[in-house]
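Chemist: What follows is the file query.cif, containing mmCIF, C-alpha atoms and all ligand atoms:
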```
data_data
loop_
_atom_site.label_atom_id
_atom_site.label_comp_id
_atom_site.auth_asym_id
_atom_site.auth_seq_id
_atom_site.Cartn_x
_atom_site.Cartn_y
_atom_site.Cartn_z
CA MET A 1 199.54 2.79 61.79
CA THR A 2 202.10 1.96 59.09
CA LYS A 3 203.52 5.02 57.43
CA THR A 4 202.92 5.40 53.70
CA LYS A 5 205.41 6.69 51.16
CA VAL A 6 204.92 8.99 48.20
CA ARG A 7 205.87 6.91 45.14
CA LYS A 8 203.78 8.47 42.40
CA ALA A 9 203.87 11.93 40.88
CA VAL A 10 201.13 13.31 38.63
CA PHE A 11 201.95 15.96 36.03
CA PRO A 12 198.90 17.78 34.65
CA ALA A 13 199.96 18.79 31.13
CA ALA A 14 196.71 18.99 29.18
CA GLY A 15 196.15 22.76 29.27
CA PHE A 16 196.19 24.97 26.18
CA GLY A 17 199.12 27.18 27.19
CA THR A 18 197.47 30.22 25.63
CA ARG A 19 200.05 32.60 27.12
CA PHE A 20 202.60 31.17 24.72
CA LEU A 21 200.57 31.42 21.53
CA PRO A 22 201.41 31.10 18.71
CA ALA A 23 204.23 28.69 19.77
CA THR A 24 201.74 26.50 21.62
CA LYS A 25 199.61 25.94 18.51
CA SER A 26 201.88 23.00 17.78
CA ILE A 27 204.34 22.74 20.71
CA PRO A 28 203.03 21.77 24.15
CA LYS A 29 203.91 24.50 26.65
CA GLU A 30 205.50 21.81 28.81
CA MET A 31 208.00 21.13 26.00
CA LEU A 32 209.27 24.70 25.67
CA PRO A 33 212.99 24.63 26.46
CA LEU A 34 214.58 26.20 29.48
CA VAL A 35 218.07 26.53 27.97
CA ASP A 36 218.13 23.07 26.34
CA LYS A 37 215.79 20.93 28.41
CA PRO A 38 211.98 20.96 28.17
CA ILE A 39 210.47 22.52 31.26
CA ILE A 40 208.59 19.33 32.17
CA GLN A 41 211.87 17.41 32.46
CA TYR A 42 212.99 19.62 35.35
CA GLY A 43 209.86 18.55 37.24
CA VAL A 44 210.32 14.87 36.35
CA GLU A 45 213.92 15.00 37.63
CA GLU A 46 212.68 16.68 40.84
CA ALA A 47 210.11 13.89 41.35
CA ILE A 48 212.75 11.18 40.85
CA ALA A 49 215.08 12.96 43.30
CA ALA A 50 212.23 12.93 45.83
CA GLY A 51 211.99 9.14 45.57
CA CYS A 52 209.04 8.83 43.16
CA ASP A 53 209.41 5.92 40.77
CA GLN A 54 206.13 6.24 38.91
CA ILE A 55 205.29 9.29 36.89
CA VAL A 56 201.81 9.87 35.52
CA ILE A 57 201.46 12.55 32.86
CA VAL A 58 197.99 13.86 32.09
CA THR A 59 198.00 14.83 28.43
CA GLY A 60 195.50 15.90 25.82
CA ARG A 61 195.24 16.49 22.10
CA GLY A 62 198.40 17.90 20.51
CA LYS A 63 200.63 16.72 23.36
CA SER A 64 202.30 13.71 21.71
CA ALA A 65 205.67 15.51 21.75
CA ILE A 66 205.77 14.89 25.52
CA GLU A 67 205.44 11.11 25.01
CA ASP A 68 208.05 11.15 22.23
CA HIS A 69 210.44 13.08 24.44
CA PHE A 70 210.45 10.47 27.19
CA ASP A 71 210.54 7.58 24.70
CA VAL A 72 213.54 5.88 23.08
CA SER A 73 214.56 7.71 19.90
CA TYR A 74 216.03 4.87 17.80
CA GLU A 75 216.87 6.88 14.68
CA LEU A 76 218.53 9.69 16.62
CA GLU A 77 220.45 7.32 18.88
CA THR A 78 221.65 5.14 15.98
CA MET A 79 222.89 8.26 14.20
CA LEU A 80 224.69 9.55 17.32
CA GLU A 81 226.24 6.11 17.89
CA LYS A 82 227.50 5.93 14.30
CA ARG A 83 229.03 9.40 14.57
CA GLY A 84 230.66 8.57 17.90
CA LYS A 85 228.78 11.36 19.73
CA LYS A 86 228.92 9.61 23.09
CA GLU A 87 227.97 12.55 25.29
CA LEU A 88 224.88 13.44 23.26
CA LEU A 89 223.91 9.78 23.13
CA ALA A 90 224.04 9.65 26.91
CA VAL A 91 221.89 12.80 27.14
CA SER A 92 219.24 11.24 24.89
CA ARG A 93 219.32 7.84 26.63
CA ASN A 94 219.15 9.38 30.10
CA VAL A 95 215.77 10.84 29.25
CA SER A 96 214.28 7.57 28.00
CA ASN A 97 215.78 5.53 30.85
CA MET A 98 214.56 7.96 33.44
CA VAL A 99 211.67 6.26 35.14
CA ASN A 100 208.42 4.37 34.72
CA LEU A 101 206.05 6.75 32.91
CA SER A 102 202.34 6.34 32.24
CA TYR A 103 200.02 8.62 30.36
CA VAL A 104 196.36 9.32 30.81
CA ARG A 105 194.27 11.50 28.60
CA GLN A 106 192.13 14.43 29.69
CA LYS A 107 189.77 14.67 26.75
CA GLU A 108 188.75 18.25 27.49
CA ALA A 109 190.74 20.82 29.49
CA MET A 110 188.14 21.07 32.25
CA GLY A 111 190.48 22.41 34.91
CA LEU A 112 193.32 21.32 37.14
CA GLY A 113 191.07 19.40 39.55
CA HIS A 114 189.63 17.47 36.61
CA ALA A 115 193.14 16.73 35.29
CA VAL A 116 194.15 15.31 38.70
CA LEU A 117 190.95 13.22 38.82
CA MET A 118 191.93 11.63 35.48
CA ALA A 119 194.93 10.06 37.25
CA ARG A 120 192.75 8.28 39.84
CA ASP A 121 193.01 4.74 38.43
CA LEU A 122 196.77 5.00 37.94
CA VAL A 123 197.36 6.42 41.43
CA GLY A 124 195.00 4.13 43.34
CA ASP A 125 194.67 4.28 47.10
CA GLU A 126 197.92 5.94 48.14
CA PRO A 127 199.27 9.44 48.72
CA PHE A 128 200.76 11.06 45.64
CA ALA A 129 202.49 14.20 44.47
CA VAL A 130 201.17 16.70 41.93
CA ILE A 131 203.73 18.77 40.06
CA LEU A 132 202.68 21.60 37.79
CA PRO A 133 205.41 21.40 35.17
CA ASP A 134 205.42 25.11 34.43
CA ASP A 135 206.55 25.91 37.97
CA VAL A 136 210.30 25.34 37.80
CA ILE A 137 211.98 25.39 41.20
CA ASP A 138 215.65 25.86 41.80
CA ALA A 139 216.62 24.54 45.22
CA LYS A 140 219.58 22.84 46.88
CA VAL A 141 217.27 20.06 48.05
CA GLY A 142 214.44 19.65 45.52
CA CYS A 143 211.14 21.20 46.59
CA LEU A 144 209.28 17.87 46.39
CA LYS A 145 211.96 16.11 48.42
CA GLN A 146 211.56 18.78 51.12
CA MET A 147 207.81 18.12 51.09
CA VAL A 148 208.22 14.34 51.17
CA ASP A 149 210.37 14.73 54.28
CA VAL A 150 207.56 16.70 55.95
CA PHE A 151 204.98 14.15 54.73
CA GLU A 152 206.88 11.38 56.46
CA LYS A 153 206.26 13.18 59.73
CA VAL A 154 202.72 14.52 59.27
CA GLN A 155 201.18 11.85 56.95
CA GLY A 156 198.74 14.42 55.56
CA SER A 157 198.23 16.56 52.46
CA ILE A 158 200.79 19.33 51.94
CA LEU A 159 200.62 22.39 49.69
CA ALA A 160 203.83 24.20 48.78
CA THR A 161 203.70 27.94 49.33
CA GLN A 162 205.78 31.02 48.83
CA ILE A 163 205.48 34.48 50.35
CA VAL A 164 204.01 36.99 47.91
CA GLU A 165 204.10 40.65 48.93
CA GLY A 166 201.70 43.28 47.58
CA PRO A 167 198.96 43.08 44.95
CA GLY A 168 200.63 40.11 43.20
CA ILE A 169 198.94 37.88 45.82
CA SER A 170 195.65 38.21 43.89
CA ALA A 171 196.97 35.83 41.23
CA TYR A 172 197.18 32.89 43.68
CA GLY A 173 195.25 30.65 46.00
CA VAL A 174 196.13 31.92 49.48
CA LEU A 175 196.30 29.99 52.75
CA ASP A 176 194.51 31.03 55.88
CA GLY A 177 196.75 29.66 58.58
CA GLU A 178 199.82 30.15 60.68
CA LEU A 179 203.30 28.72 60.85
CA MET A 180 203.44 25.90 63.36
CA LYS A 181 205.52 26.29 66.48
CA GLY A 182 208.59 24.10 66.36
CA ASP A 183 208.60 23.86 62.57
CA PRO A 184 208.97 27.29 61.04
CA ARG A 185 208.19 26.15 57.48
CA VAL A 186 205.02 24.14 58.13
CA ILE A 187 201.67 25.92 58.14
CA ASP A 188 198.57 24.69 59.92
CA VAL A 189 195.92 25.37 57.26
CA LYS A 190 192.51 26.60 58.40
CA GLY A 191 191.16 27.60 54.98
CA LEU A 192 192.04 28.73 51.46
CA VAL A 193 190.90 31.68 49.42
CA GLU A 194 191.27 31.63 45.64
CA LYS A 195 192.69 34.82 44.07
CA PRO A 196 191.67 37.26 46.85
CA LYS A 197 191.91 41.03 46.58
CA MET A 198 195.06 42.16 48.41
CA ALA A 199 193.00 43.59 51.28
CA ASP A 200 191.11 40.30 51.72
CA ALA A 201 194.12 37.96 51.56
CA PRO A 202 194.19 35.99 54.83
CA SER A 203 198.01 35.70 54.70
CA LYS A 204 200.98 36.11 52.36
CA HIS A 205 201.31 32.34 51.85
CA ALA A 206 200.51 31.78 48.18
CA ILE A 207 200.01 28.21 46.88
CA ILE A 208 202.37 27.21 44.09
CA GLY A 209 202.58 24.18 41.83
CA ARG A 210 203.66 21.38 44.17
CA TYR A 211 201.25 19.30 46.22
CA ILE A 212 201.24 16.05 48.14
CA LEU A 213 197.69 14.78 48.40
CA THR A 214 196.05 11.88 50.16
CA PRO A 215 193.83 9.67 47.94
CA GLU A 216 190.72 11.09 49.70
CA ILE A 217 191.10 14.03 47.29
CA PHE A 218 189.64 11.84 44.52
CA GLU A 219 186.43 11.19 46.48
CA VAL A 220 186.13 14.88 47.17
CA LEU A 221 186.85 15.99 43.59
CA GLU A 222 184.19 13.59 42.28
CA LYS A 223 181.61 15.53 44.31
CA THR A 224 183.02 19.03 43.83
CA PRO A 225 180.87 21.21 41.56
CA LEU A 226 182.47 23.09 38.67
CA GLY A 227 183.88 26.41 39.84
CA VAL A 228 185.41 29.52 38.28
CA GLY A 229 185.43 29.44 34.47
CA GLY A 230 183.19 26.34 34.46
CA GLU A 231 186.26 24.28 35.44
CA LEU A 232 186.81 21.74 38.20
CA GLN A 233 189.26 23.63 40.38
CA LEU A 234 191.85 21.77 42.46
CA THR A 235 191.63 24.45 45.16
CA ASP A 236 187.87 23.78 45.51
CA GLY A 237 188.72 20.10 45.97
CA ILE A 238 191.34 20.92 48.60
CA LYS A 239 188.79 23.09 50.45
CA GLY A 240 186.54 20.01 50.57
CA LEU A 241 189.45 17.86 51.76
CA LEU A 242 190.04 20.32 54.58
CA GLN A 243 186.53 19.55 55.89
CA LYS A 244 187.55 15.90 56.27
CA GLU A 245 191.19 15.91 57.33
CA LYS A 246 194.19 18.05 58.16
CA VAL A 247 196.01 19.89 55.39
CA TYR A 248 199.39 21.54 55.79
CA GLY A 249 201.20 24.32 53.96
CA TYR A 250 204.92 24.17 53.43
CA SER A 251 206.98 27.27 52.79
CA PHE A 252 209.69 25.66 50.64
CA GLU A 253 213.33 26.67 50.49
CA GLY A 254 214.39 27.71 46.99
CA LYS A 255 213.41 29.94 44.08
CA ARG A 256 210.37 29.37 41.92
CA TYR A 257 210.02 30.51 38.32
CA ASP A 258 206.64 30.70 36.63
CA ALA A 259 207.79 29.24 33.33
CA GLY A 260 204.19 29.17 32.11
CA ASP A 261 204.47 32.92 31.70
CA LYS A 262 206.71 34.68 29.16
CA LEU A 263 208.57 36.87 31.64
CA GLY A 264 208.99 33.96 34.05
CA LEU A 265 210.48 31.71 31.38
CA MET A 266 212.81 34.48 30.18
CA THR A 267 214.02 35.14 33.74
CA ALA A 268 214.60 31.44 34.35
CA THR A 269 216.48 31.16 31.06
CA VAL A 270 218.87 33.94 32.05
CA ASP A 271 219.50 32.53 35.53
CA TYR A 272 219.95 28.93 34.37
CA ALA A 273 222.17 29.89 31.41
CA LEU A 274 224.42 32.08 33.58
CA ARG A 275 225.09 29.08 35.84
CA ARG A 276 226.13 26.77 33.04
CA ASP A 277 229.86 26.15 32.62
CA ASP A 278 229.52 25.87 28.86
CA LEU A 279 227.43 29.04 28.37
CA GLY A 280 227.70 31.16 31.50
CA PRO A 281 230.97 33.05 30.90
CA GLN A 282 230.14 34.06 27.31
CA PHE A 283 226.53 34.87 28.12
CA ARG A 284 227.62 37.03 31.06
CA GLU A 285 229.99 38.99 28.77
CA TYR A 286 227.16 39.49 26.28
CA LEU A 287 224.77 40.74 28.98
CA LYS A 288 227.41 43.12 30.35
CA SER A 289 227.90 44.56 26.87
CA LEU A 290 224.26 45.58 26.59
CA LYS A 291 223.68 49.28 27.06
CA LEU A 292 220.54 49.02 29.19
P1 LIG A 301 197.73 26.66 33.63
O1 LIG A 301 196.43 27.34 33.81
O2 LIG A 301 198.97 27.37 34.01
O3 LIG A 301 197.94 26.18 32.11
O4 LIG A 301 197.65 25.24 34.33
P2 LIG A 301 197.24 26.54 30.79
O5 LIG A 301 195.78 26.70 30.94
O6 LIG A 301 197.72 25.49 29.84
O7 LIG A 301 197.98 27.90 30.40
P3 LIG A 301 197.45 29.33 29.90
O8 LIG A 301 196.99 30.04 31.13
O9 LIG A 301 196.37 29.07 28.87
O10 LIG A 301 198.67 29.95 29.28
C1 LIG A 301 198.71 24.66 35.07
C2 LIG A 301 199.01 23.25 34.60
O11 LIG A 301 197.82 22.46 34.60
C3 LIG A 301 197.61 21.84 33.35
C4 LIG A 301 198.37 22.70 32.34
O12 LIG A 301 198.79 21.90 31.23
C5 LIG A 301 199.54 23.21 33.16
O13 LIG A 301 200.64 22.32 33.11
N1 LIG A 301 196.15 21.77 33.08
C6 LIG A 301 195.37 22.86 33.22
C7 LIG A 301 195.61 20.55 32.70
O14 LIG A 301 196.30 19.51 32.59
N2 LIG A 301 194.26 20.49 32.44
C8 LIG A 301 193.44 21.56 32.55
O15 LIG A 301 192.22 21.43 32.29
C9 LIG A 301 194.02 22.79 32.95
#
```
The structure given in the file should be rewritten as structure tokens.
Modeler:
Amino acid sequence: MTKTKVRKAVFPAAGFGTRFLPATKSIPKEMLPLVDKPIIQYGVEEAIAAGCDQIVIVTGRGKSAIEDHFDVSYELETMLEKRGKKELLAVSRNVSNMVNLSYVRQKEAMGLGHAVLMARDLVGDEPFAVILPDDVIDAKVGCLKQMVDVFEKVQGSILATQIVEGPGISAYGVLDGELMKGDPRVIDVKGLVEKPKMADAPSKHAIIGRYILTPEIFEVLEKTPLGVGGELQLTDGIKGLLQKEKVYGYSFEGKRYDAGDKLGLMTATVDYALRRDDLGPQFREYLKSLKL
């Protein structure tokens, strides 16, 4: 059997982002800045670093800022050129030169599974990545690259996980499965439970926003009934996929921030700003001066 590569990454970005109201009345959540870069750009850069050369963004009403962001900005670039602002010009051009991007519309926010299904025609019959843009992951080797390396060996669907201790586990889909012998980060998945009570959680391996899925997921999602909240849930689709083929978990190396949540975005902002050469030293002094 010839091995297949993961070339395409799907970014569901059609949700309402209600946790950031009122900002998200007019700004897509995915465009909120983490220091000075929209959170979705961190995910796009991670996908490129993992070898993906086609990015599919699932958008909806009120999300045109995402398309503008990854487009050429003639007026801005002409102005920067005239003023000799070479570095800023490069920053702007880098974004538009990044990669081949396509957009598909999810007319109604009917759930993550439904958003992924919208990308079916653009993905076609090959394995693909799904990146939830509001999960920002800081890692020496990008999280998706780590997963792609595992995919090359197992040639099956992979769900990124992190260990969650205590009652916080109830906010996640949780894997029922064990770490495989010989590969301490890969989990042999037997089942998944969506948002279990702490006592019922089958493990501490919580699913986070990075997936590599085989195209069979589309067939399954088509037949999956609407689940919690009247939405087509991706986890329900993955449960169906598990009936047909092997699915793996992958306990990634790195730190994840839930930038779709206020506290998560604030924490990420502090950590990312402290690491910046241009901001870090002054910001550190400011933080030290606070009488907390
Ligand atoms: P979330 O549930 O975190 O996003 O979905 P949300 O619904 O926009 O946010 P809150 O909870 O109201 O604050 C994770 C990702 O899936 C996308 C979202 O845009 C987000 O990037 N999504 C979710 C879709 O594209 N379509 C949907 O129907 C639901």
Chemist: Find the residues near ligand LIG 301 (chain A). Use a cut-off of 6 Å, count all atoms listed in the file, and write them as a ChimeraX atom specification.
Modeler: /A:12-19,58,109-112,115,132-134,260
Chemist: Neighbouring residues of range 48-51 of chain A were defined as those with any atom within 7 Å, considering only C-alpha atoms; residues of the same chain fewer than 6 positions away were excluded. Please report them as a PyMOL selection string.
Modeler: chain A and resi 7+144-145+148
Chemist: Between CA of Leu34 in chain A and CA of Leu265 in chain A, what is the spacing in Å?
Modeler: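 Separating CA of Leu265 in chain A from CA of Leu34 in chain A is a distance of 7.1 Å.
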Chemist: Hey, what's within 7 Å of Gly113 in chain A if we count all atoms listed in the file and toss same-chain stuff fewer than 6 positions away? As a list in words, please?
Modeler: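 The residues satisfying every condition are Leu221, Leu232, Gln233, Leu234 and Gly237 of chain A.
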Chemist: Using all atoms listed in the file, which residues sit within 6 Å of Asp258 in chain A once same-chain residues fewer than 3 positions away are excluded, as a compact mmCIF listing (two decimals) with C-alpha atoms, keeping the file's coordinate frame?
Modeler:
```txt
# COMPACT_ATOMS: atom_id res chain seq x y z
CA ASP A 135 206.55 25.91 37.97
CA ASP A 261 204.47 32.92 31.70
CA GLY A 264 208.99 33.96 34.05
```
Chemist: Looking at A:Ser157, A:Thr267, A:Gln146, A:Gln106, which one is nearest to Arg61 in chain A, with distances taken over only C-alpha atoms?
Modeler: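 Of all the options, A:Gln106 lies closest to Arg61 in chain A.
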Chemist: Counting only C-alpha atoms, which of A:Val174, A:Ala273, A:Ile27, A:Ala201 gets nearest to Gln162 in chain A?
Modeler: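 Ranked by minimum distance to Gln162 in chain A, first place goes to A:Val174.
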Chemist: For CA of Phe128 in chain A and CA of Thr214 in chain A, determine how far apart the two atoms are, in Å to one decimal place.
Modeler: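 Here the two named atoms are 6.6 Å from each other.
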Chemist: So, counting all atoms listed in the file, which residue among A:Arg284, A:Asn97, A:Ile158, A:Ser92 is closest to Met79 in chain A?
Modeler: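 For Met79 in chain A, the nearest of the candidates is A:Ser92.
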Chemist: Report, in Å with one decimal, the straight-line distance from CA of Leu159 in chain A to CA of Asp200 in chain A.
Modeler: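 Going from CA of Leu159 in chain A over to CA of Asp200 in chain A covers 20.4 Å.
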Chemist: Which is closer to Phe218 in chain A than all the others in A:Arg105, A:Arg120, A:Lys153, A:Lys239, using only C-alpha atoms?
Modeler: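 Among the listed residues, A:Arg120 lies closest to Phe218 in chain A.
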Chemist: Take every atom of range 73-90 of chain A listed in the file, fit an axis-aligned box around them, add 5 Å per side, and give the centre and edge lengths in Å to one decimal as lines of an AutoDock Vina configuration file.
Modeler:
```
center_x = 222.6
center_y = 9.2
center_z = 20.6
size_x = 26.1
size_y = 18.6
size_z = 22.7
```
